[in-house]
$ cat upload33.cif   # mmCIF, all heavy atoms
data_protein
#
loop_
_atom_site.label_atom_id
_atom_site.label_comp_id
_atom_site.auth_asym_id
_atom_site.auth_seq_id
_atom_site.Cartn_x
_atom_site.Cartn_y
_atom_site.Cartn_z
N MET Y 17 0.84 -1.18 0.00
CA MET Y 17 0.00 0.00 0.00
C MET Y 17 0.88 1.24 0.00
O MET Y 17 1.78 1.36 0.80
CB MET Y 17 -0.90 -0.03 1.23
CG MET Y 17 -1.69 1.21 1.43
SD MET Y 17 -2.69 1.09 2.93
CE MET Y 17 -4.03 2.10 2.43
N LYS Y 18 0.62 2.15 -0.91
CA LYS Y 18 1.39 3.39 -1.00
C LYS Y 18 0.65 4.51 -0.30
O LYS Y 18 -0.56 4.64 -0.41
CB LYS Y 18 1.59 3.80 -2.46
CG LYS Y 18 2.49 2.88 -3.21
CD LYS Y 18 3.89 3.31 -2.99
CE LYS Y 18 4.73 3.00 -4.19
NZ LYS Y 18 6.04 3.51 -4.06
N GLU Y 19 1.37 5.35 0.43
CA GLU Y 19 0.82 6.53 1.07
C GLU Y 19 1.75 7.69 0.81
O GLU Y 19 2.93 7.51 0.53
CB GLU Y 19 0.70 6.31 2.59
CG GLU Y 19 -0.34 5.30 2.97
CD GLU Y 19 -0.54 5.23 4.48
OE1 GLU Y 19 0.13 5.97 5.22
OE2 GLU Y 19 -1.37 4.43 4.90
N GLU Y 20 1.21 8.92 0.91
CA GLU Y 20 2.07 10.09 0.76
C GLU Y 20 2.59 10.50 2.12
O GLU Y 20 1.87 10.49 3.11
CB GLU Y 20 1.30 11.24 0.12
CG GLU Y 20 1.10 11.05 -1.36
CD GLU Y 20 0.66 12.30 -2.07
OE1 GLU Y 20 0.99 13.40 -1.62
OE2 GLU Y 20 -0.02 12.16 -3.08
N ASN Y 21 3.88 10.86 2.18
CA ASN Y 21 4.45 11.33 3.43
C ASN Y 21 4.50 12.85 3.41
O ASN Y 21 3.95 13.49 2.53
CB ASN Y 21 5.82 10.70 3.70
CG ASN Y 21 6.81 11.01 2.61
OD1 ASN Y 21 6.60 11.88 1.79
ND2 ASN Y 21 7.92 10.29 2.60
N LYS Y 22 5.18 13.45 4.38
CA LYS Y 22 5.22 14.91 4.51
C LYS Y 22 5.77 15.62 3.29
O LYS Y 22 5.37 16.72 2.96
CB LYS Y 22 6.03 15.29 5.75
CG LYS Y 22 5.38 14.85 7.04
CD LYS Y 22 6.27 15.17 8.23
CE LYS Y 22 5.69 14.53 9.47
NZ LYS Y 22 6.59 14.63 10.60
N CYS Y 23 6.70 15.00 2.56
CA CYS Y 23 7.30 15.65 1.39
C CYS Y 23 6.43 15.47 0.14
O CYS Y 23 6.73 16.02 -0.90
CB CYS Y 23 8.71 15.12 1.12
SG CYS Y 23 8.74 13.45 0.46
N GLY Y 24 5.34 14.70 0.25
CA GLY Y 24 4.49 14.45 -0.90
C GLY Y 24 4.95 13.26 -1.73
O GLY Y 24 4.32 12.91 -2.72
N CYS Y 25 6.04 12.62 -1.32
CA CYS Y 25 6.55 11.45 -2.03
C CYS Y 25 5.72 10.23 -1.65
O CYS Y 25 5.28 10.11 -0.52
CB CYS Y 25 8.01 11.18 -1.62
SG CYS Y 25 9.12 12.55 -1.82
N LYS Y 26 5.53 9.36 -2.58
CA LYS Y 26 4.83 8.10 -2.27
C LYS Y 26 5.83 7.15 -1.63
O LYS Y 26 6.97 7.06 -2.05
CB LYS Y 26 4.27 7.48 -3.54
CG LYS Y 26 3.30 8.38 -4.26
CD LYS Y 26 1.90 8.02 -3.95
CE LYS Y 26 0.98 8.88 -4.80
NZ LYS Y 26 -0.33 8.97 -4.31
N HIS Y 27 5.41 6.45 -0.59
CA HIS Y 27 6.27 5.46 0.06
C HIS Y 27 5.47 4.20 0.35
O HIS Y 27 4.24 4.23 0.37
CB HIS Y 27 6.91 6.01 1.33
CG HIS Y 27 5.94 6.23 2.45
ND1 HIS Y 27 5.17 7.37 2.56
CD2 HIS Y 27 5.60 5.44 3.49
CE1 HIS Y 27 4.41 7.28 3.63
NE2 HIS Y 27 4.64 6.11 4.21
N ILE Y 28 6.17 3.11 0.56
CA ILE Y 28 5.53 1.85 0.87
C ILE Y 28 5.31 1.79 2.37
O ILE Y 28 6.27 1.80 3.15
CB ILE Y 28 6.39 0.66 0.39
CG1 ILE Y 28 6.64 0.76 -1.11
CG2 ILE Y 28 5.72 -0.66 0.74
CD1 ILE Y 28 7.64 -0.25 -1.65
N LYS Y 29 4.05 1.74 2.79
CA LYS Y 29 3.70 1.74 4.20
C LYS Y 29 4.34 0.55 4.91
O LYS Y 29 4.26 -0.58 4.45
CB LYS Y 29 2.19 1.68 4.36
CG LYS Y 29 1.73 1.79 5.79
CD LYS Y 29 0.23 1.79 5.89
CE LYS Y 29 -0.18 1.92 7.33
NZ LYS Y 29 -1.63 1.99 7.47
N GLY Y 30 5.00 0.83 6.03
CA GLY Y 30 5.60 -0.23 6.84
C GLY Y 30 7.00 -0.64 6.44
O GLY Y 30 7.61 -1.43 7.13
N VAL Y 31 7.52 -0.10 5.34
CA VAL Y 31 8.87 -0.44 4.90
C VAL Y 31 9.82 0.67 5.33
O VAL Y 31 9.69 1.81 4.91
CB VAL Y 31 8.95 -0.65 3.37
CG1 VAL Y 31 10.39 -0.89 2.93
CG2 VAL Y 31 8.06 -1.81 2.95
N VAL Y 32 10.77 0.33 6.19
CA VAL Y 32 11.77 1.28 6.66
C VAL Y 32 13.04 1.02 5.86
O VAL Y 32 13.47 -0.11 5.72
CB VAL Y 32 12.04 1.09 8.17
CG1 VAL Y 32 13.14 2.02 8.64
CG2 VAL Y 32 10.77 1.31 8.96
N CYS Y 33 13.64 2.09 5.34
CA CYS Y 33 14.87 1.96 4.57
C CYS Y 33 15.88 2.99 5.06
O CYS Y 33 15.59 4.18 5.06
CB CYS Y 33 14.59 2.18 3.09
SG CYS Y 33 16.09 2.14 2.09
N SER Y 34 17.04 2.54 5.46
CA SER Y 34 18.09 3.45 5.92
C SER Y 34 19.27 3.50 4.95
O SER Y 34 20.33 4.02 5.27
CB SER Y 34 18.56 3.04 7.32
OG SER Y 34 19.07 1.72 7.29
N VAL Y 35 19.07 2.98 3.74
CA VAL Y 35 20.14 2.94 2.74
C VAL Y 35 20.16 4.27 1.99
O VAL Y 35 19.49 4.45 0.97
CB VAL Y 35 19.96 1.75 1.77
CG1 VAL Y 35 21.11 1.68 0.79
CG2 VAL Y 35 19.83 0.46 2.54
N GLU Y 36 20.93 5.23 2.48
CA GLU Y 36 20.94 6.59 1.95
C GLU Y 36 21.45 6.68 0.52
O GLU Y 36 21.17 7.64 -0.17
CB GLU Y 36 21.74 7.50 2.87
CG GLU Y 36 21.11 7.64 4.24
CD GLU Y 36 21.93 8.49 5.18
OE1 GLU Y 36 23.02 8.96 4.81
OE2 GLU Y 36 21.45 8.68 6.32
N LYS Y 37 22.18 5.70 0.05
CA LYS Y 37 22.73 5.75 -1.31
C LYS Y 37 21.83 5.08 -2.34
O LYS Y 37 22.21 4.90 -3.48
CB LYS Y 37 24.12 5.13 -1.33
CG LYS Y 37 25.09 5.97 -0.49
CD LYS Y 37 26.51 5.54 -0.67
CE LYS Y 37 27.35 6.37 0.27
NZ LYS Y 37 28.37 7.12 -0.36
N CYS Y 38 20.60 4.74 -1.95
CA CYS Y 38 19.62 4.15 -2.87
C CYS Y 38 18.72 5.26 -3.42
O CYS Y 38 18.29 6.15 -2.67
CB CYS Y 38 18.77 3.10 -2.16
SG CYS Y 38 17.52 2.35 -3.22
N VAL Y 39 18.41 5.21 -4.70
CA VAL Y 39 17.56 6.23 -5.31
C VAL Y 39 16.15 6.24 -4.72
O VAL Y 39 15.46 7.26 -4.79
CB VAL Y 39 17.45 6.08 -6.85
CG1 VAL Y 39 18.79 6.27 -7.52
CG2 VAL Y 39 16.83 4.77 -7.25
N TYR Y 40 15.72 5.16 -4.12
CA TYR Y 40 14.37 5.07 -3.56
C TYR Y 40 14.29 5.50 -2.09
O TYR Y 40 13.21 5.56 -1.52
CB TYR Y 40 13.83 3.64 -3.70
CG TYR Y 40 13.75 3.19 -5.12
CD1 TYR Y 40 14.50 2.10 -5.57
CD2 TYR Y 40 12.93 3.83 -6.04
CE1 TYR Y 40 14.43 1.67 -6.88
CE2 TYR Y 40 12.87 3.42 -7.36
CZ TYR Y 40 13.61 2.34 -7.77
OH TYR Y 40 13.53 1.92 -9.07
N HIS Y 41 15.41 5.81 -1.47
CA HIS Y 41 15.45 6.24 -0.07
C HIS Y 41 15.05 7.71 0.02
O HIS Y 41 15.46 8.53 -0.79
CB HIS Y 41 16.88 6.06 0.48
CG HIS Y 41 17.05 6.61 1.85
ND1 HIS Y 41 17.53 7.88 2.08
CD2 HIS Y 41 16.81 6.06 3.07
CE1 HIS Y 41 17.59 8.09 3.37
NE2 HIS Y 41 17.15 7.00 3.99
N ASP Y 42 14.20 8.03 1.01
CA ASP Y 42 13.93 9.45 1.26
C ASP Y 42 14.43 9.82 2.66
O ASP Y 42 14.81 8.95 3.43
CB ASP Y 42 12.47 9.82 1.04
CG ASP Y 42 11.53 9.36 2.13
OD1 ASP Y 42 11.99 8.79 3.14
OD2 ASP Y 42 10.31 9.56 1.98
N LYS Y 43 14.44 11.10 2.98
CA LYS Y 43 15.06 11.56 4.22
C LYS Y 43 14.31 11.10 5.47
O LYS Y 43 14.84 11.19 6.56
CB LYS Y 43 15.18 13.08 4.19
CG LYS Y 43 16.17 13.51 3.14
CD LYS Y 43 16.35 15.00 3.10
CE LYS Y 43 17.24 15.30 1.91
NZ LYS Y 43 18.10 16.38 2.04
N ALA Y 44 13.10 10.59 5.30
CA ALA Y 44 12.34 10.06 6.44
C ALA Y 44 12.58 8.56 6.62
O ALA Y 44 11.84 7.90 7.34
CB ALA Y 44 10.85 10.34 6.24
N ASN Y 45 13.61 8.02 5.95
CA ASN Y 45 13.94 6.59 5.99
C ASN Y 45 12.78 5.73 5.50
O ASN Y 45 12.47 4.68 6.07
CB ASN Y 45 14.41 6.14 7.37
CG ASN Y 45 15.83 6.57 7.64
OD1 ASN Y 45 16.59 6.87 6.73
ND2 ASN Y 45 16.20 6.62 8.90
N GLU Y 46 12.13 6.19 4.44
CA GLU Y 46 11.05 5.44 3.83
C GLU Y 46 11.43 5.07 2.40
O GLU Y 46 12.23 5.75 1.77
CB GLU Y 46 9.76 6.26 3.86
CG GLU Y 46 9.30 6.49 5.28
CD GLU Y 46 8.14 7.44 5.40
OE1 GLU Y 46 8.04 8.39 4.61
OE2 GLU Y 46 7.34 7.23 6.30
N CYS Y 47 10.84 4.00 1.90
CA CYS Y 47 11.12 3.52 0.56
C CYS Y 47 10.10 4.07 -0.41
O CYS Y 47 8.90 3.94 -0.20
CB CYS Y 47 11.10 1.99 0.54
SG CYS Y 47 11.42 1.30 -1.10
N THR Y 48 10.56 4.70 -1.49
CA THR Y 48 9.66 5.28 -2.49
C THR Y 48 9.61 4.46 -3.78
O THR Y 48 9.06 4.91 -4.78
CB THR Y 48 10.07 6.73 -2.83
OG1 THR Y 48 11.38 6.72 -3.39
CG2 THR Y 48 10.04 7.62 -1.60
N ALA Y 49 10.16 3.25 -3.75
CA ALA Y 49 10.11 2.38 -4.93
C ALA Y 49 8.65 2.00 -5.21
O ALA Y 49 7.84 1.92 -4.29
CB ALA Y 49 10.92 1.11 -4.69
N PRO Y 50 8.31 1.75 -6.47
CA PRO Y 50 6.94 1.35 -6.78
C PRO Y 50 6.58 0.00 -6.15
O PRO Y 50 5.43 -0.27 -5.84
CB PRO Y 50 6.89 1.27 -8.30
CG PRO Y 50 8.30 1.33 -8.77
CD PRO Y 50 9.14 1.88 -7.66
N GLU Y 51 7.56 -0.84 -5.94
CA GLU Y 51 7.43 -2.11 -5.24
C GLU Y 51 8.82 -2.56 -4.85
O GLU Y 51 9.81 -2.01 -5.34
CB GLU Y 51 6.76 -3.18 -6.11
CG GLU Y 51 7.54 -3.51 -7.37
CD GLU Y 51 6.80 -4.47 -8.29
OE1 GLU Y 51 5.57 -4.62 -8.16
OE2 GLU Y 51 7.46 -5.10 -9.11
N ILE Y 52 8.93 -3.52 -3.95
CA ILE Y 52 10.25 -4.02 -3.57
C ILE Y 52 10.32 -5.53 -3.77
O ILE Y 52 9.30 -6.22 -3.76
CB ILE Y 52 10.65 -3.67 -2.12
CG1 ILE Y 52 9.69 -4.30 -1.11
CG2 ILE Y 52 10.77 -2.18 -1.94
CD1 ILE Y 52 10.18 -4.23 0.32
N ALA Y 53 11.53 -6.00 -3.95
CA ALA Y 53 11.80 -7.44 -4.03
C ALA Y 53 12.94 -7.73 -3.08
O ALA Y 53 13.93 -7.02 -3.05
CB ALA Y 53 12.19 -7.83 -5.45
N VAL Y 54 12.75 -8.75 -2.27
CA VAL Y 54 13.77 -9.16 -1.30
C VAL Y 54 14.16 -10.60 -1.61
O VAL Y 54 13.30 -11.43 -1.89
CB VAL Y 54 13.25 -9.03 0.14
CG1 VAL Y 54 14.31 -9.48 1.14
CG2 VAL Y 54 12.82 -7.61 0.43
N GLY Y 55 15.43 -10.87 -1.58
CA GLY Y 55 15.89 -12.23 -1.90
C GLY Y 55 17.21 -12.47 -1.22
O GLY Y 55 17.65 -11.66 -0.42
N PRO Y 56 17.90 -13.51 -1.53
CA PRO Y 56 17.55 -14.56 -2.49
C PRO Y 56 16.63 -15.60 -1.86
O PRO Y 56 16.47 -15.65 -0.63
CB PRO Y 56 18.90 -15.19 -2.85
CG PRO Y 56 19.71 -15.04 -1.60
CD PRO Y 56 19.25 -13.72 -0.99
N THR Y 57 16.08 -16.45 -2.67
CA THR Y 57 15.16 -17.48 -2.17
C THR Y 57 15.86 -18.50 -1.28
O THR Y 57 15.22 -19.17 -0.49
CB THR Y 57 14.46 -18.22 -3.33
OG1 THR Y 57 15.46 -18.80 -4.18
CG2 THR Y 57 13.60 -17.30 -4.13
N SER Y 58 17.17 -18.59 -1.39
CA SER Y 58 17.93 -19.57 -0.60
C SER Y 58 18.27 -19.07 0.81
O SER Y 58 18.88 -19.80 1.58
CB SER Y 58 19.22 -19.93 -1.33
OG SER Y 58 20.02 -18.77 -1.50
N ALA Y 59 17.87 -17.84 1.17
CA ALA Y 59 18.22 -17.28 2.47
C ALA Y 59 17.61 -18.10 3.60
O ALA Y 59 16.48 -18.56 3.51
CB ALA Y 59 17.74 -15.83 2.57
N CYS Y 60 18.39 -18.25 4.67
CA CYS Y 60 17.92 -18.98 5.85
C CYS Y 60 17.75 -18.07 7.06
O CYS Y 60 17.16 -18.47 8.05
CB CYS Y 60 18.91 -20.09 6.20
SG CYS Y 60 18.99 -21.38 4.95
N CYS Y 61 18.32 -16.86 7.00
CA CYS Y 61 18.19 -15.90 8.10
C CYS Y 61 18.29 -14.49 7.53
O CYS Y 61 18.68 -14.29 6.39
CB CYS Y 61 19.25 -16.15 9.16
SG CYS Y 61 20.94 -16.01 8.56
N SER Y 62 17.91 -13.50 8.32
CA SER Y 62 17.85 -12.12 7.83
C SER Y 62 19.20 -11.61 7.32
O SER Y 62 19.25 -10.82 6.37
CB SER Y 62 17.31 -11.19 8.91
OG SER Y 62 18.17 -11.17 10.03
N SER Y 63 20.30 -12.07 7.89
CA SER Y 63 21.62 -11.61 7.44
C SER Y 63 21.96 -12.10 6.03
O SER Y 63 22.88 -11.59 5.41
CB SER Y 63 22.71 -12.03 8.43
OG SER Y 63 22.84 -13.44 8.46
N GLU Y 64 21.21 -13.07 5.52
CA GLU Y 64 21.45 -13.58 4.16
C GLU Y 64 20.53 -12.94 3.13
O GLU Y 64 20.59 -13.27 1.95
CB GLU Y 64 21.25 -15.09 4.15
CG GLU Y 64 22.26 -15.84 4.98
CD GLU Y 64 22.02 -17.34 5.02
OE1 GLU Y 64 21.00 -17.81 4.47
OE2 GLU Y 64 22.85 -18.05 5.59
N THR Y 65 19.67 -12.02 3.55
CA THR Y 65 18.73 -11.39 2.62
C THR Y 65 19.24 -10.04 2.15
O THR Y 65 20.12 -9.44 2.76
CB THR Y 65 17.35 -11.19 3.27
OG1 THR Y 65 17.47 -10.29 4.37
CG2 THR Y 65 16.75 -12.50 3.73
N LEU Y 66 18.70 -9.58 1.05
CA LEU Y 66 19.04 -8.26 0.53
C LEU Y 66 17.88 -7.72 -0.29
O LEU Y 66 17.04 -8.46 -0.78
CB LEU Y 66 20.31 -8.32 -0.31
CG LEU Y 66 20.33 -9.30 -1.47
CD1 LEU Y 66 20.03 -8.61 -2.78
CD2 LEU Y 66 21.68 -9.96 -1.53
N CYS Y 67 17.84 -6.41 -0.43
CA CYS Y 67 16.81 -5.76 -1.24
C CYS Y 67 17.32 -5.72 -2.67
O CYS Y 67 18.24 -4.97 -3.00
CB CYS Y 67 16.54 -4.35 -0.73
SG CYS Y 67 15.31 -3.47 -1.71
N VAL Y 68 16.73 -6.51 -3.53
CA VAL Y 68 17.17 -6.55 -4.92
C VAL Y 68 16.60 -5.39 -5.73
O VAL Y 68 16.95 -5.20 -6.88
CB VAL Y 68 16.87 -7.90 -5.60
CG1 VAL Y 68 17.70 -9.00 -4.97
CG2 VAL Y 68 15.40 -8.25 -5.54
N THR Y 69 15.76 -4.56 -5.10
CA THR Y 69 15.23 -3.36 -5.73
C THR Y 69 16.24 -2.21 -5.68
O THR Y 69 16.14 -1.25 -6.42
CB THR Y 69 13.92 -2.94 -5.03
OG1 THR Y 69 13.04 -4.06 -5.01
CG2 THR Y 69 13.22 -1.80 -5.74
N PHE Y 70 17.24 -2.32 -4.82
CA PHE Y 70 18.26 -1.26 -4.63
C PHE Y 70 18.82 -0.80 -5.97
O PHE Y 70 19.22 -1.60 -6.81
CB PHE Y 70 19.40 -1.77 -3.76
CG PHE Y 70 20.57 -0.82 -3.68
CD1 PHE Y 70 20.56 0.23 -2.81
CD2 PHE Y 70 21.65 -0.98 -4.53
CE1 PHE Y 70 21.63 1.12 -2.74
CE2 PHE Y 70 22.73 -0.10 -4.48
CZ PHE Y 70 22.71 0.95 -3.59
N ARG Y 71 18.84 0.51 -6.14
CA ARG Y 71 19.50 1.15 -7.29
C ARG Y 71 20.34 2.30 -6.74
O ARG Y 71 19.81 3.12 -6.00
CB ARG Y 71 18.50 1.70 -8.31
CG ARG Y 71 17.62 0.64 -8.97
CD ARG Y 71 18.46 -0.26 -9.87
NE ARG Y 71 17.68 -1.35 -10.42
CZ ARG Y 71 17.61 -2.59 -9.95
NH1 ARG Y 71 18.28 -2.91 -8.87
NH2 ARG Y 71 16.89 -3.51 -10.51
N PRO Y 72 21.62 2.37 -7.06
CA PRO Y 72 22.48 3.42 -6.49
C PRO Y 72 22.12 4.81 -7.01
O PRO Y 72 21.73 4.96 -8.17
CB PRO Y 72 23.88 3.02 -6.93
CG PRO Y 72 23.69 2.16 -8.14
CD PRO Y 72 22.36 1.49 -7.96
N LYS Y 73 22.21 5.79 -6.12
CA LYS Y 73 22.05 7.19 -6.53
C LYS Y 73 23.26 7.58 -7.36
O LYS Y 73 24.37 7.15 -7.08
CB LYS Y 73 21.98 8.11 -5.33
CG LYS Y 73 20.70 8.04 -4.57
CD LYS Y 73 20.69 9.06 -3.44
CE LYS Y 73 19.40 8.96 -2.67
NZ LYS Y 73 19.39 9.86 -1.51
N THR Y 74 23.05 8.40 -8.36
CA THR Y 74 24.17 8.91 -9.13
C THR Y 74 24.61 10.21 -8.49
O THR Y 74 23.79 11.03 -8.06
CB THR Y 74 23.80 9.14 -10.60
OG1 THR Y 74 22.66 10.02 -10.65
CG2 THR Y 74 23.45 7.84 -11.29
N GLU Y 75 25.89 10.38 -8.38
CA GLU Y 75 26.45 11.61 -7.78
C GLU Y 75 26.42 12.72 -8.82
O GLU Y 75 26.63 12.51 -9.99
CB GLU Y 75 27.88 11.36 -7.32
CG GLU Y 75 28.01 10.28 -6.27
CD GLU Y 75 27.36 10.63 -4.95
OE1 GLU Y 75 27.39 11.82 -4.57
OE2 GLU Y 75 26.79 9.73 -4.32
N GLY Y 76 26.14 13.93 -8.33
CA GLY Y 76 26.24 15.05 -9.23
C GLY Y 76 25.00 15.74 -9.41
O GLY Y 76 24.60 16.58 -9.97
#

$ encode --input "upload33.cif" --output "structure tokens"
Amino acid sequence: MKEENKCGCKHIKGVVCSVEKCVYHDKANECTAPEIAVGPTSACCSSETLCVTFRPKTEG
């Protein structure tokens, strides 16, 4: 479910993101991606998972 936050950006409700170098990260630590994917399917614990939606911000 998408909601608008204080900046007017759409974010995924309940998803906290602290990855400041991701293009979908906003200053409120919310994810603005249209959807997220977490993997890999072979993960057995949280330390083995990653957000495959991550896209690096371009500098400049």

$ resolve_selection --input "upload33.cif" --expression "the PyMOL selection byres (((chain Y and resi 53 and name CA) around 9) and name CA)" --output "list in words"
Glu51, Ile52, Val54, Gly55, Leu66, Cys67, Val68, Thr69 and Phe70 of chain Y

$ write_last_selection --input "upload33.cif" --atoms "all heavy atoms" --output "PDB file, in the coordinates of the input"
ATOM      1  N   GLU Y  51       7.560  -0.840  -5.940  1.00  0.00           N
ATOM      2  CA  GLU Y  51       7.430  -2.110  -5.240  1.00  0.00           C
ATOM      3  C   GLU Y  51       8.820  -2.560  -4.850  1.00  0.00           C
ATOM      4  O   GLU Y  51       9.810  -2.010  -5.340  1.00  0.00           O
ATOM      5  CB  GLU Y  51       6.760  -3.180  -6.110  1.00  0.00           C
ATOM      6  CG  GLU Y  51       7.540  -3.510  -7.370  1.00  0.00           C
ATOM      7  CD  GLU Y  51       6.800  -4.470  -8.290  1.00  0.00           C
ATOM      8  OE1 GLU Y  51       5.570  -4.620  -8.160  1.00  0.00           O
ATOM      9  OE2 GLU Y  51       7.460  -5.100  -9.110  1.00  0.00           O
ATOM     10  N   ILE Y  52       8.930  -3.520  -3.950  1.00  0.00           N
ATOM     11  CA  ILE Y  52      10.250  -4.020  -3.570  1.00  0.00           C
ATOM     12  C   ILE Y  52      10.320  -5.530  -3.770  1.00  0.00           C
ATOM     13  O   ILE Y  52       9.300  -6.220  -3.760  1.00  0.00           O
ATOM     14  CB  ILE Y  52      10.650  -3.670  -2.120  1.00  0.00           C
ATOM     15  CG1 ILE Y  52       9.690  -4.300  -1.110  1.00  0.00           C
ATOM     16  CG2 ILE Y  52      10.770  -2.180  -1.940  1.00  0.00           C
ATOM     17  CD1 ILE Y  52      10.180  -4.230   0.320  1.00  0.00           C
ATOM     18  N   VAL Y  54      12.750  -8.750  -2.270  1.00  0.00           N
ATOM     19  CA  VAL Y  54      13.770  -9.160  -1.300  1.00  0.00           C
ATOM     20  C   VAL Y  54      14.160 -10.600  -1.610  1.00  0.00           C
ATOM     21  O   VAL Y  54      13.300 -11.430  -1.890  1.00  0.00           O
ATOM     22  CB  VAL Y  54      13.250  -9.030   0.140  1.00  0.00           C
ATOM     23  CG1 VAL Y  54      14.310  -9.480   1.140  1.00  0.00           C
ATOM     24  CG2 VAL Y  54      12.820  -7.610   0.430  1.00  0.00           C
ATOM     25  N   GLY Y  55      15.430 -10.870  -1.580  1.00  0.00           N
ATOM     26  CA  GLY Y  55      15.890 -12.230  -1.900  1.00  0.00           C
ATOM     27  C   GLY Y  55      17.210 -12.470  -1.220  1.00  0.00           C
ATOM     28  O   GLY Y  55      17.650 -11.660  -0.420  1.00  0.00           O
ATOM     29  N   LEU Y  66      18.700  -9.580   1.050  1.00  0.00           N
ATOM     30  CA  LEU Y  66      19.040  -8.260   0.530  1.00  0.00           C
ATOM     31  C   LEU Y  66      17.880  -7.720  -0.290  1.00  0.00           C
ATOM     32  O   LEU Y  66      17.040  -8.460  -0.780  1.00  0.00           O
ATOM     33  CB  LEU Y  66      20.310  -8.320  -0.310  1.00  0.00           C
ATOM     34  CG  LEU Y  66      20.330  -9.300  -1.470  1.00  0.00           C
ATOM     35  CD1 LEU Y  66      20.030  -8.610  -2.780  1.00  0.00           C
ATOM     36  CD2 LEU Y  66      21.680  -9.960  -1.530  1.00  0.00           C
ATOM     37  N   CYS Y  67      17.840  -6.410  -0.430  1.00  0.00           N
ATOM     38  CA  CYS Y  67      16.810  -5.760  -1.240  1.00  0.00           C
ATOM     39  C   CYS Y  67      17.320  -5.720  -2.670  1.00  0.00           C
ATOM     40  O   CYS Y  67      18.240  -4.970  -3.000  1.00  0.00           O
ATOM     41  CB  CYS Y  67      16.540  -4.350  -0.730  1.00  0.00           C
ATOM     42  SG  CYS Y  67      15.310  -3.470  -1.710  1.00  0.00           S
ATOM     43  N   VAL Y  68      16.730  -6.510  -3.530  1.00  0.00           N
ATOM     44  CA  VAL Y  68      17.170  -6.550  -4.920  1.00  0.00           C
ATOM     45  C   VAL Y  68      16.600  -5.390  -5.730  1.00  0.00           C
ATOM     46  O   VAL Y  68      16.950  -5.200  -6.880  1.00  0.00           O
ATOM     47  CB  VAL Y  68      16.870  -7.900  -5.600  1.00  0.00           C
ATOM     48  CG1 VAL Y  68      17.700  -9.000  -4.970  1.00  0.00           C
ATOM     49  CG2 VAL Y  68      15.400  -8.250  -5.540  1.00  0.00           C
ATOM     50  N   THR Y  69      15.760  -4.560  -5.100  1.00  0.00           N
ATOM     51  CA  THR Y  69      15.230  -3.360  -5.730  1.00  0.00           C
ATOM     52  C   THR Y  69      16.240  -2.210  -5.680  1.00  0.00           C
ATOM     53  O   THR Y  69      16.140  -1.250  -6.420  1.00  0.00           O
ATOM     54  CB  THR Y  69      13.920  -2.940  -5.030  1.00  0.00           C
ATOM     55  OG1 THR Y  69      13.040  -4.060  -5.010  1.00  0.00           O
ATOM     56  CG2 THR Y  69      13.220  -1.800  -5.740  1.00  0.00           C
ATOM     57  N   PHE Y  70      17.240  -2.320  -4.820  1.00  0.00           N
ATOM     58  CA  PHE Y  70      18.260  -1.260  -4.630  1.00  0.00           C
ATOM     59  C   PHE Y  70      18.820  -0.800  -5.970  1.00  0.00           C
ATOM     60  O   PHE Y  70      19.220  -1.600  -6.810  1.00  0.00           O
ATOM     61  CB  PHE Y  70      19.400  -1.770  -3.760  1.00  0.00           C
ATOM     62  CG  PHE Y  70      20.570  -0.820  -3.680  1.00  0.00           C
ATOM     63  CD1 PHE Y  70      20.560   0.230  -2.810  1.00  0.00           C
ATOM     64  CD2 PHE Y  70      21.650  -0.980  -4.530  1.00  0.00           C
ATOM     65  CE1 PHE Y  70      21.630   1.120  -2.740  1.00  0.00           C
ATOM     66  CE2 PHE Y  70      22.730  -0.100  -4.480  1.00  0.00           C
ATOM     67  CZ  PHE Y  70      22.710   0.950  -3.590  1.00  0.00           C
TER      68      PHE Y  70
END

$ resolve_selection --input "upload33.cif" --expression "the PyMOL selection byres ((chain Y and resi 31) around 4.5)" --output "PyMOL selection string"
chain Y and resi 28-30+32-33+45-47+52

$ closest_residue --input "upload33.cif" --among "Y:Lys26, Y:Ser62, Y:Glu36, Y:Pro72" --to "Ala49 in chain Y" --atoms "only C-alpha atoms"
Y:Lys26

$ atom_distance --input "upload33.cif" --atom1 "CB of His41 in chain Y" --atom2 "atom O of Thr74 in chain Y"
12.1 Å

$ select_by_dssp --input "upload33.cif" --residues "chain Y" --states "strand (DSSP E or B)" --output "PyMOL selection string"
chain Y and resi 18-20+26-28+32+38+41+46-47+54-55+66-67+72
